[in-house]
Structures are given as C-alpha cells and as structure tokens.
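Asks: What follows is final31.cif, mmCIF, C-alpha atoms (C1' of nucleotides).
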```cif
data_data
loop_
_atom_site.label_atom_id
_atom_site.label_comp_id
_atom_site.auth_asym_id
_atom_site.auth_seq_id
_atom_site.Cartn_x
_atom_site.Cartn_y
_atom_site.Cartn_z
CA MET A 24 0.00 0.00 0.00
CA ALA A 25 3.00 2.21 -0.40
CA LYS A 26 5.90 2.99 -2.63
CA THR A 27 9.37 3.66 -1.35
CA ILE A 28 10.77 6.70 -3.03
CA ALA A 29 11.26 9.66 -0.81
CA GLU A 30 14.48 10.68 0.86
CA ARG A 31 14.55 12.89 3.88
CA ALA A 32 16.92 15.27 2.13
CA ASP A 33 14.45 15.72 -0.73
CA VAL A 34 11.66 16.66 1.62
CA VAL A 35 13.43 19.43 3.51
CA PRO A 36 13.35 22.01 0.68
CA LEU A 37 9.65 21.39 0.22
CA LEU A 38 9.12 21.83 3.94
CA ALA A 39 11.06 25.07 3.80
CA GLU A 40 8.78 26.44 1.13
CA VAL A 41 5.67 25.44 3.02
CA LEU A 42 6.94 27.09 6.19
CA ARG A 43 7.77 30.24 4.29
CA GLU A 44 4.27 30.38 2.87
CA TYR A 45 2.24 29.44 5.91
CA GLY A 46 4.49 30.11 8.89
CA PHE A 47 5.08 27.57 11.63
CA GLU A 48 1.60 27.62 13.11
CA GLY A 49 -0.14 27.98 9.80
CA ALA A 50 1.64 25.05 8.24
CA SER A 51 -0.65 22.28 9.40
CA LEU A 52 0.24 18.66 8.82
CA ALA A 53 -2.58 18.53 6.31
CA VAL A 54 -0.96 21.27 4.25
CA ILE A 55 2.50 19.80 4.71
CA GLY A 56 1.28 16.42 3.57
CA GLU A 57 -0.42 17.91 0.56
CA ARG A 58 2.57 19.96 -0.51
CA THR A 59 5.21 17.31 0.08
CA GLY A 60 3.12 14.48 -1.27
CA LEU A 61 3.84 12.51 1.89
CA GLY A 62 1.31 11.07 4.29
CA LYS A 63 1.53 11.45 8.03
CA GLY A 64 3.09 8.00 8.25
CA SER A 65 6.03 9.00 6.11
CA LEU A 66 6.42 12.41 7.69
CA TYR A 67 6.64 10.93 11.17
CA HIS A 68 8.94 8.24 9.86
CA PHE A 69 11.43 10.85 8.66
CA PHE A 70 10.80 13.32 11.46
CA PRO A 71 9.84 11.43 14.61
CA GLY A 72 9.86 14.71 16.50
CA GLY A 73 6.96 16.04 14.45
CA LYS A 74 6.63 19.62 13.28
CA GLU A 75 9.32 20.84 15.62
CA GLU A 76 11.87 18.49 14.08
CA MET A 77 10.74 19.43 10.58
CA ALA A 78 11.30 23.12 11.28
CA ALA A 79 14.63 22.37 12.95
CA ALA A 80 15.73 20.41 9.88
CA VAL A 81 14.76 23.31 7.65
CA LEU A 82 16.67 25.80 9.79
CA GLN A 83 19.70 23.51 9.76
CA GLU A 84 19.53 23.22 5.98
CA ILE A 85 19.29 27.00 5.65
CA ASP A 86 22.27 27.41 7.92
CA ARG A 87 24.22 24.83 5.93
CA TRP A 88 23.48 26.66 2.68
CA PHE A 89 24.42 30.10 3.98
CA GLU A 90 27.54 28.73 5.62
CA ALA A 91 28.72 27.22 2.32
CA GLU A 92 27.54 29.93 -0.07
CA VAL A 93 27.82 33.09 1.99
CA TYR A 94 29.57 32.94 5.36
CA ARG A 95 32.62 30.86 4.43
CA PRO A 96 33.39 32.80 1.24
CA LEU A 97 33.12 36.02 3.23
CA ARG A 98 35.48 34.73 5.90
CA GLU A 99 38.02 32.93 3.75
CA ALA A 100 38.06 34.39 0.24
CA THR A 101 41.39 35.83 -0.83
CA ASP A 102 39.49 38.62 -2.58
CA PRO A 103 37.04 39.99 0.01
CA ARG A 104 35.51 42.49 -2.40
CA ALA A 105 34.60 39.74 -4.80
CA ALA A 106 33.17 37.75 -1.91
CA ILE A 107 30.98 40.68 -0.90
CA ASP A 108 29.77 41.12 -4.45
CA GLY A 109 29.13 37.39 -4.50
CA MET A 110 27.07 37.71 -1.33
CA ILE A 111 24.86 40.35 -2.91
CA GLY A 112 24.27 38.11 -5.91
CA ALA A 113 23.62 35.06 -3.75
CA VAL A 114 21.14 36.99 -1.61
CA ASP A 115 19.35 38.33 -4.66
CA ASP A 116 19.03 34.81 -6.04
CA TYR A 117 18.10 33.21 -2.75
CA PHE A 118 15.30 35.64 -1.97
CA ARG A 119 14.20 35.63 -5.59
CA SER A 120 14.69 39.37 -5.87
CA GLY A 121 12.29 40.01 -3.02
CA ARG A 122 9.57 37.57 -3.99
CA ARG A 123 10.60 35.11 -1.29
CA ILE A 124 10.73 35.94 2.39
CA CYS A 125 13.43 35.05 4.88
CA LEU A 126 12.13 32.22 7.04
CA VAL A 127 14.58 33.02 9.82
CA GLY A 128 13.51 36.65 9.88
CA ALA A 129 9.86 35.60 9.93
CA PHE A 130 10.57 33.24 12.82
CA ALA A 131 12.26 36.10 14.67
CA LEU A 132 9.03 38.13 14.58
CA ASP A 133 6.85 35.12 15.35
CA ASN A 134 6.01 33.72 18.75
CA VAL A 135 7.97 30.57 17.83
CA ARG A 136 11.14 32.59 18.15
CA ASP A 137 11.77 31.30 21.64
CA ARG A 138 11.59 27.72 20.50
CA PHE A 139 14.24 28.24 17.82
CA ALA A 140 16.09 31.11 19.46
CA THR A 141 19.52 29.51 19.13
CA ALA A 142 19.21 28.83 15.41
CA VAL A 143 17.72 32.27 14.72
CA LYS A 144 20.38 34.06 16.71
CA GLY A 145 23.18 32.00 15.17
CA TYR A 146 22.03 32.69 11.62
CA PHE A 147 22.24 36.46 12.00
CA ALA A 148 25.26 36.53 14.31
CA GLU A 149 27.32 34.44 11.90
CA TRP A 150 26.26 36.50 8.95
CA ARG A 151 27.16 39.74 10.66
CA SER A 152 30.56 38.57 11.83
CA ALA A 153 31.45 36.99 8.48
CA LEU A 154 30.55 40.15 6.60
CA ALA A 155 32.44 42.31 9.09
CA SER A 156 35.46 40.07 8.62
CA ALA A 157 35.38 40.54 4.86
CA LEU A 158 34.98 44.29 5.21
CA LYS A 159 37.97 44.50 7.53
CA ARG A 160 40.13 42.58 5.10
CA ALA A 161 38.90 44.91 2.36
CA GLY A 162 40.29 47.87 4.23
CA CYS A 163 37.50 49.01 6.56
CA ALA A 164 38.30 50.10 10.07
CA PRO A 165 37.15 47.42 12.54
CA ASP A 166 34.32 49.38 14.14
CA GLN A 167 33.13 50.71 10.80
CA ALA A 168 33.20 47.19 9.41
CA HIS A 169 31.05 45.92 12.23
CA SER A 170 28.45 48.67 12.01
CA LEU A 171 28.36 48.48 8.23
CA ALA A 172 27.80 44.73 8.36
CA GLU A 173 24.95 45.21 10.78
CA GLU A 174 23.46 47.95 8.61
CA THR A 175 23.63 45.68 5.58
CA ILE A 176 21.78 42.81 7.20
CA ILE A 177 19.20 45.24 8.53
CA ALA A 178 18.70 46.63 5.04
CA ILE A 179 18.20 43.17 3.56
CA GLN A 180 15.70 42.09 6.21
CA GLY A 181 13.85 45.37 6.15
CA ALA A 182 13.68 45.29 2.37
CA LEU A 183 12.12 41.84 2.51
CA VAL A 184 9.47 43.11 4.92
CA LEU A 185 8.67 46.21 2.90
CA SER A 186 8.79 44.41 -0.43
CA ARG A 187 6.29 41.92 0.78
CA ALA A 188 4.12 44.49 2.54
CA LEU A 189 3.83 46.64 -0.57
CA ASP A 190 3.78 43.59 -2.82
CA ASP A 191 6.49 45.26 -4.87
CA PRO A 192 9.73 43.36 -5.57
CA THR A 193 11.42 46.47 -6.95
CA VAL A 194 11.72 47.71 -3.36
CA PHE A 195 14.06 44.83 -2.66
CA SER A 196 16.09 45.35 -5.82
CA ARG A 197 16.53 49.04 -5.10
CA ALA A 198 17.58 48.34 -1.52
CA LEU A 199 20.12 45.78 -2.65
CA GLU A 200 21.63 48.25 -5.12
CA THR A 201 21.82 50.98 -2.50
CA THR A 202 23.44 48.59 -0.07
CA GLN A 203 25.97 47.39 -2.60
CA ALA A 204 26.89 50.97 -3.44
CA ARG A 205 27.36 51.81 0.23
CA LEU A 206 29.60 48.78 0.73
CA ALA A 207 31.64 49.62 -2.35
CA LYS A 208 32.10 53.19 -1.19
CA ALA A 209 33.29 52.08 2.24
CA MET A 210 35.92 49.86 0.62
CA ALA A 211 37.12 52.53 -1.78
CA MET B 23 -23.44 36.72 36.63
CA ALA B 24 -21.52 39.57 35.03
CA LYS B 25 -20.32 43.06 35.65
CA THR B 26 -20.52 45.83 33.12
CA ILE B 27 -17.24 47.61 32.89
CA ALA B 28 -15.38 47.17 29.66
CA GLU B 29 -15.34 49.52 26.71
CA ARG B 30 -14.39 48.42 23.27
CA ALA B 31 -11.78 51.17 23.04
CA ASP B 32 -10.08 49.91 26.19
CA VAL B 33 -9.79 46.41 24.82
CA VAL B 34 -8.06 47.24 21.54
CA PRO B 35 -4.65 48.09 23.04
CA LEU B 36 -4.71 44.85 24.99
CA LEU B 37 -5.58 42.98 21.82
CA ALA B 38 -2.70 44.69 20.06
CA GLU B 39 -0.25 43.51 22.66
CA VAL B 40 -1.55 39.96 22.52
CA LEU B 41 -1.29 39.90 18.73
CA ARG B 42 2.24 41.22 18.90
CA GLU B 43 3.22 38.49 21.31
CA TYR B 44 1.46 35.53 19.79
CA GLY B 45 0.80 36.46 16.18
CA PHE B 46 -2.61 36.14 14.57
CA GLU B 47 -2.77 32.37 14.50
CA GLY B 48 -1.03 31.95 17.84
CA ALA B 49 -3.40 34.31 19.62
CA SER B 50 -6.19 31.88 20.46
CA LEU B 51 -9.43 33.08 21.94
CA ALA B 52 -8.37 31.38 25.15
CA VAL B 53 -5.23 33.51 25.33
CA ILE B 54 -7.09 36.63 24.26
CA GLY B 55 -9.70 36.05 26.91
CA GLU B 56 -7.08 35.50 29.56
CA ARG B 57 -5.07 38.60 28.66
CA THR B 58 -8.01 40.96 28.19
CA GLY B 59 -9.95 39.61 31.12
CA LEU B 60 -12.98 39.20 28.86
CA GLY B 61 -14.89 36.02 28.20
CA LYS B 62 -15.98 34.91 24.79
CA GLY B 63 -19.37 36.45 25.39
CA SER B 64 -17.94 39.91 25.80
CA LEU B 65 -15.40 39.52 23.03
CA TYR B 66 -18.04 38.52 20.51
CA HIS B 67 -20.29 41.26 21.79
CA PHE B 68 -17.67 43.90 20.97
CA PHE B 69 -16.30 42.14 17.90
CA PRO B 70 -19.10 40.17 16.22
CA GLY B 71 -16.73 39.34 13.40
CA GLY B 72 -14.48 37.35 15.71
CA LYS B 73 -10.71 37.31 15.54
CA GLU B 74 -10.68 38.91 12.12
CA GLU B 75 -12.57 41.93 13.38
CA MET B 76 -10.34 42.15 16.44
CA ALA B 77 -7.23 42.24 14.28
CA ALA B 78 -8.83 44.74 11.93
CA ALA B 79 -9.67 46.99 14.88
CA VAL B 80 -6.08 46.78 16.07
CA LEU B 81 -4.73 47.65 12.63
CA GLN B 82 -7.13 50.57 12.42
CA GLU B 83 -6.04 51.83 15.82
CA ILE B 84 -2.39 51.56 14.78
CA ASP B 85 -3.14 53.48 11.62
CA ARG B 86 -5.00 56.12 13.56
CA TRP B 87 -2.07 56.57 15.94
CA PHE B 88 0.54 56.81 13.21
CA GLU B 89 -1.61 59.15 11.19
CA ALA B 90 -1.94 61.53 14.14
CA GLU B 91 1.54 61.20 15.61
CA VAL B 92 3.71 60.58 12.57
CA TYR B 93 2.18 60.96 9.12
CA ARG B 94 0.28 64.20 9.58
CA PRO B 95 3.15 66.02 11.30
CA LEU B 96 5.45 64.89 8.50
CA ARG B 97 3.05 66.12 5.85
CA GLU B 98 1.90 69.36 7.43
CA ALA B 99 4.52 70.65 9.87
CA THR B 100 5.90 74.06 9.05
CA ASP B 101 9.31 72.85 10.19
CA PRO B 102 9.88 69.56 8.35
CA ARG B 103 13.23 68.92 10.03
CA ALA B 104 11.65 69.07 13.44
CA ALA B 105 8.90 66.78 12.23
CA ILE B 106 11.47 64.24 11.07
CA ASP B 107 13.28 64.40 14.39
CA GLY B 108 9.92 64.01 16.05
CA MET B 109 9.27 60.90 13.97
CA ILE B 110 12.51 59.33 15.13
CA GLY B 111 11.56 59.99 18.73
CA ALA B 112 8.03 58.71 18.27
CA VAL B 113 9.30 55.54 16.61
CA ASP B 114 11.82 54.96 19.37
CA ASP B 115 9.09 55.32 21.97
CA TYR B 116 6.51 53.31 20.09
CA PHE B 117 8.77 50.32 19.53
CA ARG B 118 10.16 50.66 23.04
CA SER B 119 13.69 51.03 21.69
CA GLY B 120 13.51 47.72 19.89
CA ARG B 121 11.86 45.66 22.59
CA ARG B 122 8.51 45.71 20.84
CA ILE B 123 7.93 44.44 17.33
CA CYS B 124 5.95 46.06 14.55
CA LEU B 125 2.67 44.19 14.22
CA VAL B 126 2.16 45.39 10.67
CA GLY B 127 5.62 44.21 9.66
CA ALA B 128 5.00 40.86 11.31
CA PHE B 129 1.69 40.56 9.46
CA ALA B 130 3.52 41.29 6.21
CA LEU B 131 5.75 38.25 6.70
CA ASP B 132 2.90 36.08 7.94
CA ASN B 133 0.46 34.11 5.86
CA VAL B 134 -2.33 36.39 7.10
CA ARG B 135 -0.87 39.13 4.93
CA ASP B 136 -3.38 38.47 2.19
CA ARG B 137 -6.30 38.89 4.57
CA PHE B 138 -5.10 42.32 5.72
CA ALA B 139 -3.23 43.30 2.58
CA THR B 140 -4.93 46.67 2.22
CA ALA B 141 -4.19 47.79 5.77
CA VAL B 142 -0.62 46.51 5.62
CA LYS B 143 0.07 48.15 2.30
CA GLY B 144 -1.57 51.41 3.36
CA TYR B 145 0.46 51.64 6.56
CA PHE B 146 3.79 51.53 4.76
CA ALA B 147 2.73 53.46 1.67
CA GLU B 148 1.44 56.35 3.76
CA TRP B 149 4.53 56.38 5.92
CA ARG B 150 6.82 56.43 2.92
CA SER B 151 4.98 59.21 1.12
CA ALA B 152 4.62 61.35 4.25
CA LEU B 153 8.32 61.08 5.01
CA ALA B 154 9.24 61.82 1.39
CA SER B 155 7.01 64.88 1.53
CA ALA B 156 8.81 66.21 4.60
CA LEU B 157 12.21 65.53 3.05
CA LYS B 158 11.27 67.41 -0.09
CA ARG B 159 10.13 70.41 1.91
CA ALA B 160 13.41 70.19 3.84
CA GLY B 161 15.33 70.64 0.63
CA CYS B 162 15.83 67.16 -0.78
CA ALA B 163 15.51 66.52 -4.48
CA PRO B 164 12.26 64.66 -5.18
CA ASP B 165 13.79 61.36 -6.26
CA GLN B 166 16.33 61.43 -3.45
CA ALA B 167 13.57 62.18 -0.97
CA HIS B 168 11.60 59.19 -2.13
CA SER B 169 14.49 56.74 -2.02
CA LEU B 170 15.68 58.07 1.32
CA ALA B 171 12.21 57.68 2.79
CA GLU B 172 12.07 54.10 1.58
CA GLU B 173 15.54 53.43 2.96
CA THR B 174 14.51 54.81 6.34
CA ILE B 175 11.47 52.61 6.68
CA ILE B 176 13.49 49.62 5.57
CA ALA B 177 16.09 50.37 8.21
CA ILE B 178 13.47 50.62 10.95
CA GLN B 179 11.76 47.38 9.99
CA GLY B 180 15.02 45.53 9.48
CA ALA B 181 16.32 46.78 12.81
CA LEU B 182 13.23 45.43 14.54
CA VAL B 183 13.80 42.03 12.95
CA LEU B 184 17.49 41.90 13.82
CA SER B 185 17.01 43.32 17.29
CA ARG B 186 14.51 40.67 18.10
CA ALA B 187 16.48 37.89 16.41
CA LEU B 188 19.62 38.68 18.37
CA ASP B 189 17.61 39.60 21.44
CA ASP B 190 19.62 42.81 21.59
CA PRO B 191 17.78 46.15 21.74
CA THR B 192 21.00 48.09 21.15
CA VAL B 193 20.81 46.98 17.52
CA PHE B 194 17.65 49.03 17.15
CA SER B 195 19.08 52.06 18.92
CA ARG B 196 22.20 52.04 16.76
CA ALA B 197 20.14 51.72 13.58
CA LEU B 198 17.93 54.60 14.59
CA GLU B 199 20.96 56.81 15.24
CA THR B 200 22.52 55.90 11.91
CA THR B 201 19.27 56.60 10.14
CA GLN B 202 18.81 59.93 11.84
CA ALA B 203 22.35 60.96 10.88
CA ARG B 204 21.75 59.98 7.27
CA LEU B 205 18.53 62.00 7.16
CA ALA B 206 20.22 65.01 8.75
CA LYS B 207 23.05 64.82 6.23
CA ALA B 208 20.67 64.73 3.30
CA MET B 209 18.93 67.85 4.55
CA ALA B 210 22.17 69.75 5.18
"C1'" DT C 13 12.90 -16.89 -2.67
"C1'" DA C 14 12.58 -15.74 2.02
"C1'" DA C 15 13.54 -12.69 5.70
"C1'" DA C 16 14.42 -8.02 7.34
"C1'" DG C 17 14.06 -3.44 7.40
"C1'" DT C 18 12.23 0.68 5.36
"C1'" DA C 19 8.49 3.34 3.81
"C1'" DT C 20 3.59 4.36 3.56
"C1'" DG C 21 -1.69 4.95 4.00
"C1'" DT C 22 -5.41 4.90 7.20
"C1'" DA C 23 -7.90 5.23 11.20
"C1'" DA C 24 -8.33 6.88 15.47
"C1'" DC C 25 -6.88 9.61 19.73
"C1'" DG C 26 -7.55 13.58 23.01
"C1'" DA C 27 -6.99 18.42 22.87
"C1'" DT C 28 -7.98 22.67 21.27
"C1'" DC C 29 -9.55 25.62 17.71
"C1'" DG C 30 -13.04 29.61 16.35
"C1'" DG C 31 -17.67 30.39 16.78
"C1'" DT C 32 -22.67 30.12 18.50
"C1'" DA C 33 -26.53 30.04 21.74
"C1'" DC C 34 -28.49 31.56 25.56
"C1'" DA C 35 -29.60 32.45 30.22
"C1'" DG C 36 -28.29 35.53 33.63
"C1'" DT C 37 -26.60 39.97 35.43
"C1'" DT C 38 -25.92 44.71 35.28
"C1'" DA C 39 -26.73 49.77 34.37
"C1'" DG C 40 -29.46 53.54 33.09
"C1'" DA C 41 -33.94 55.56 31.44
"C1'" DA C 42 -38.69 56.13 32.31
"C1'" DT D 24 -39.88 50.38 40.64
"C1'" DT D 25 -40.11 48.64 36.05
"C1'" DC D 26 -38.52 48.13 31.64
"C1'" DT D 27 -34.97 47.91 28.22
"C1'" DA D 28 -30.69 47.42 26.33
"C1'" DA D 29 -26.00 46.41 27.09
"C1'" DC D 30 -22.91 43.24 28.86
"C1'" DT D 31 -20.99 38.73 30.50
"C1'" DG D 32 -20.22 33.65 31.90
"C1'" DT D 33 -21.01 28.96 30.55
"C1'" DA D 34 -21.99 25.22 27.92
"C1'" DC D 35 -21.71 23.38 23.67
"C1'" DC D 36 -20.96 22.88 18.46
"C1'" DG D 37 -18.39 20.83 14.45
"C1'" DA D 38 -13.89 21.14 12.59
"C1'" DT D 39 -9.23 20.72 12.78
"C1'" DC D 40 -5.06 20.43 15.33
"C1'" DG D 41 -0.58 17.38 16.23
"C1'" DT D 42 0.28 12.86 17.35
"C1'" DT D 43 0.15 7.73 17.77
"C1'" DA D 44 -0.63 3.01 16.39
"C1'" DC D 45 -0.54 -0.34 13.20
"C1'" DA D 46 -1.29 -3.17 9.22
"C1'" DT D 47 0.38 -3.26 4.62
"C1'" DA D 48 3.49 -2.74 0.82
"C1'" DC D 49 7.80 -2.05 -1.13
"C1'" DT D 50 13.06 -2.54 -1.38
"C1'" DT D 51 17.03 -4.65 -0.12
"C1'" DT D 52 19.92 -8.28 1.46
"C1'" DA D 53 21.09 -12.87 1.69
#
```
Turn this file's structure into structure tokens for me.
Replies:
Amino acid sequence: MAKTIAERADVVPLLAEVLREYGFEGASLAVIGERTGLGKGSLYHFFPGGKEEMAAAVLQEIDRWFEAEVYRPLREATDPRAAIDGMIGAVDDYFRSGRRICLVGAFALDNVRDRFATAVKGYFAEWRSALASALKRAGCAPDQAHSLAEETIIAIQGALVLSRALDDPTVFSRALETTQARLAKAMA
Amino acid sequence: MAKTIAERADVVPLLAEVLREYGFEGASLAVIGERTGLGKGSLYHFFPGGKEEMAAAVLQEIDRWFEAEVYRPLREATDPRAAIDGMIGAVDDYFRSGRRICLVGAFALDNVRDRFATAVKGYFAEWRSALASALKRAGCAPDQAHSLAEETIIAIQGALVLSRALDDPTVFSRALETTQARLAKAMA
DNA sequence: TAAAGTATGTAACGATCGGTACAGTTAGAA
DNA sequence: TTCTAACTGTACCGATCGTTACATACTTTA
C-alpha cells in the first residue's frame, strides 16, 4: 500500500517552502502532507519529533546553505571584495529578488522565536561577523566594518518586509543596489 | 453573573499587545480572553466578526495613531526637520527602543498578509509618502527624498527584525541613530 | 525466494480551535 | 420600581489540530 521513493533530504526544501508560505503555526500537517506528497506516516517516519523536528531540519539546511555559499566565502576568500559582491548576488538569487521571504527573519518576529532562538540568533550573528570580517580585510576600520555589516543585514531584512508588505519586488532590488553601493564606497 | 465595565476602546490596546506576542494564529481566543480579562461572550459582543474583526480593529487603531503622531506632522509641519526628528523619537518610543515588534511588519511576513493586505500596504505606503514629503520640503531633491524615505522605513523594519532575532535592543538604537544621521546629512 | 528493514496509507486519539446560543446579570432611562 | 438594552459567563458545536498506532506494501539483502 505504499511505494518507497522519498528521501529525507528531498523533503526538507519542500518543507522550507511550506513554512515560508504558511508560517510555523499555519503550516498544518494537512498542508505539509499535501505539498510534500507525503502522508503522516512518512512524515513521522522521517521526522519522529513532528513539526518541531521538521522546522529544525529546515533551519539547519538554511544554515548549511548560507555557511557554504555566503559565510565561508566572506570569511576565507582571498578577494574579500569579490566575496561581498558574490554575497549580494547570492542573496538576490536566494530571496528571488524580493519575492521570497526570509524564514529566519519571519521566525524572529513570530512567537515561535523562543523555540528556535539559538538557530535564529546564530544565523544572524554568523552573517554579521562573516561580513564584518570581509569588510575589515577589504580595508575598513574594525568598528566601521562591524556597524556596516549590521546595517547591511538590517537593510536586507527590512527590504524583505517592505517588499512583501507593498507587494512590490522592486523595493528589494533598489535596496540591494543601494546597499551594494554603500559597501563599495566604504571599501574605496 | 456579570459586571458591566469594559469599553471596546479599552480592549483594543490589549488585543494589540496579545497579537504582537502571539501572532494572529497563535493568539487563540483562550489567550485573548485571559489577557483581556474578557470572556468569549464579551469579546463577541464587541467584535461580532471574531478574531478577524479584532485584528482589523487593532490595525485601524495603529493606523489612527501613526496618522496623528507621525504621518500628519510629516506632511503638514511648518518645520519639516523638526517633524522628522519628532518621527525618530516617536518611533523609538513606540517600539520601546527595539523591545517591541511592529505588528504590521509581522503581518507582512505572515500568511495572514493576504487577509489584511490593504491595511498593511496602506500603513507603509502612507509612511513612505509622508516622510518623502517632509524631506522634499526640507530641501531634498524629489527622487532622493523618495528613495531616502524608503531606505529609512526599511532600516526601521530591518532593525526590529534583527534586534529581536539577536535579542539585543542596542541593535535598534544604533540603527535609529545611523538613520537619523543619514537623514540630517541629506537635509544639510 | 525468504527474511528483514524501510516506507507508507489509514484510522483513530484527546486536545484545542473559532464560533454560537443563551440564560443571567448589570446599568441607566422612564 | 419597572422596563430595556447592554454586557458577561457557561456550555456546547463541528472542525481541525498534532500525534500515535498499526497493518500493509515495497526494497534490499542474503
């Protein structure tokens, strides 16, 4: 009465998209099942901890992706300016030019924040410190690098909020351009 | 079996705080009843439309407050620079220096956005245009005024996200200072 | 081919959800 | 005091929530 196809790793991206669309509370198991094509049996087979484990797996996958595609390049690239430009491009792709929200940011504003506080805090703390590191190596003074990194992350998160609120992706694109210009100027 | 005390207007601020803490889906009628001190009977007496009407009333009250305390001063003040400084102060107070989130921003990232799209969109659109108006009267070029207004709102919303994510109100305070400096510089 | 382990659909669980119905209590007008 | 309208607590509704249990089917190994 069942076919054996799914892999846990294949399900996580689908879960991520469902959580982005419905939020943690709004993403009922009925919706999750519908969108992933998996029944409750399979879902609880892969994630014995239920919804909480599903969300944790998604957050871990997000962290893994940003670590590989954003944080590590920022920390280790020999050309920090190229790494920063690469970050802008990666962010633009990842958030689909403002059409996709940041799940971690949404969790931060949600009442589930406490439940995933460590993951949420780690995501932003690592991003900020990695970007500050790249800015320092690109010639910024340490304190300017730190505040500029913070400003940049704020701009990205705020742009996602406003883009979505106004239902206008160009808000995000403009903000990303402005941010990139500010970063470039600081490294001049 | 009941005492007649409550006024609808007194309940709305309590509702606002509950929605901020729990989100729309997370704020169950049980929680709402507990926090407002009203039973379901009273709640449905004041808000026959249920949770949806409660949230709508909260959004309307927020809009009313911002219109009176922020938007109108920005649009009509004879001294636009003072109005902009006043906005910064009002925002700092309203969001309790980063310890309180923006309900409208949280709604924008939530799946309830569609249900309250008009209110959410109006809140930010009015803010942006009122601030741009003040900047223009303070001497900014029209297109610069518009982009600077957008940038400012983005910074405020992003700072609320990051502040809450890192559980660090100083992030919000720093962002507000940086924003104020940028606005002052553009009006110089 | 047979056994073992993995994956899956289904049915049911208690709890809680938003919402309704209504009787009872209160306050103010007449 | 009596009447009326506003207000409130309680019980209950069907629906849905996350979760569990379990029989069945598939895949893999031997």
Asks: Determine the residue membership of the PyMOL selection byres ((chain D and resi 35-45) around 12) for the file above and supply it as a ChimeraX atom specification.
Replies: /A:48-54,63-64,66-68,71-75 /C:20-34 /D:33-34,46-47
Asks: Carefully work through the PyMOL selection byres ((chain D) within 9 of (chain B)) for this structure and note down the residues it includes, as a list in words.
Replies: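 Output of the PyMOL selection byres ((chain D) within 9 of (chain B)): DA29, DC30, DT31 and DG32 of chain D.
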Asks: Return as an mmCIF file with C-alpha atoms, in the frame of the given file the residues belonging to chain A that are within 8 Å of chain B, counting all atoms listed in the file.
Replies:
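Contents of iface-v1.cif, freshly written:
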```
data_model
loop_
_atom_site.group_PDB
_atom_site.id
_atom_site.type_symbol
_atom_site.label_atom_id
_atom_site.label_comp_id
_atom_site.auth_asym_id
_atom_site.auth_seq_id
_atom_site.Cartn_x
_atom_site.Cartn_y
_atom_site.Cartn_z
ATOM 1 C CA GLU A 44 4.270 30.380 2.870
ATOM 2 C CA TYR A 45 2.240 29.440 5.910
ATOM 3 C CA GLY A 46 4.490 30.110 8.890
ATOM 4 C CA GLU A 48 1.600 27.620 13.110
ATOM 5 C CA GLY A 49 -0.140 27.980 9.800
ATOM 6 C CA ILE A 124 10.730 35.940 2.390
ATOM 7 C CA GLY A 128 13.510 36.650 9.880
ATOM 8 C CA ALA A 129 9.860 35.600 9.930
ATOM 9 C CA ALA A 131 12.260 36.100 14.670
ATOM 10 C CA LEU A 132 9.030 38.130 14.580
ATOM 11 C CA ASP A 133 6.850 35.120 15.350
ATOM 12 C CA ASN A 134 6.010 33.720 18.750
ATOM 13 C CA ARG A 136 11.140 32.590 18.150
ATOM 14 C CA ALA A 140 16.090 31.110 19.460
ATOM 15 C CA VAL A 143 17.720 32.270 14.720
ATOM 16 C CA LYS A 144 20.380 34.060 16.710
ATOM 17 C CA PHE A 147 22.240 36.460 12.000
ATOM 18 C CA ALA A 148 25.260 36.530 14.310
ATOM 19 C CA GLU A 174 23.460 47.950 8.610
ATOM 20 C CA ILE A 176 21.780 42.810 7.200
ATOM 21 C CA ILE A 177 19.200 45.240 8.530
ATOM 22 C CA ALA A 178 18.700 46.630 5.040
ATOM 23 C CA ILE A 179 18.200 43.170 3.560
ATOM 24 C CA GLN A 180 15.700 42.090 6.210
ATOM 25 C CA GLY A 181 13.850 45.370 6.150
ATOM 26 C CA ALA A 182 13.680 45.290 2.370
ATOM 27 C CA VAL A 184 9.470 43.110 4.920
ATOM 28 C CA LEU A 185 8.670 46.210 2.900
ATOM 29 C CA ARG A 187 6.290 41.920 0.780
ATOM 30 C CA ALA A 188 4.120 44.490 2.540
ATOM 31 C CA LEU A 189 3.830 46.640 -0.570
ATOM 32 C CA ASP A 190 3.780 43.590 -2.820
ATOM 33 C CA ALA A 198 17.580 48.340 -1.520
#
```
Asks: Figure out the distance between atom CA of B:Ser195 and atom CA of B:Trp87, please, to one decimal in Å.
Replies: 21.8 Å
Asks: Decode the PyMOL selection byres ((chain C) within 6 of (chain B)) for the given file into explicit residues and return them as a list in words.
Replies: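 Applying the expression gives DG36, DT37 and DT38 of chain C.
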Asks: Env of stretch 91-98 of chain B: 7 Å cut, atoms = all atoms listed in the file, seq-sep filter 3 positions within chain, self excluded. Answer as JSON, numbers by chain.
Replies: {"B": [87, 88, 102, 105, 106, 109, 149, 152, 153, 155, 156]}
Asks: Please, what distance in Å, to one decimal, runs between atom CA of A:Phe70 and atom CA of A:Ile85?
Replies: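 These atoms are spaced 17.1 Å apart.
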Asks: Quick one: distance from atom CA of A:Leu37 to atom CA of A:Gly112 in Å, one decimal?
Replies: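 If I compute the distance from atom CA of A:Leu37 to atom CA of A:Gly112, I get 23.0 Å.
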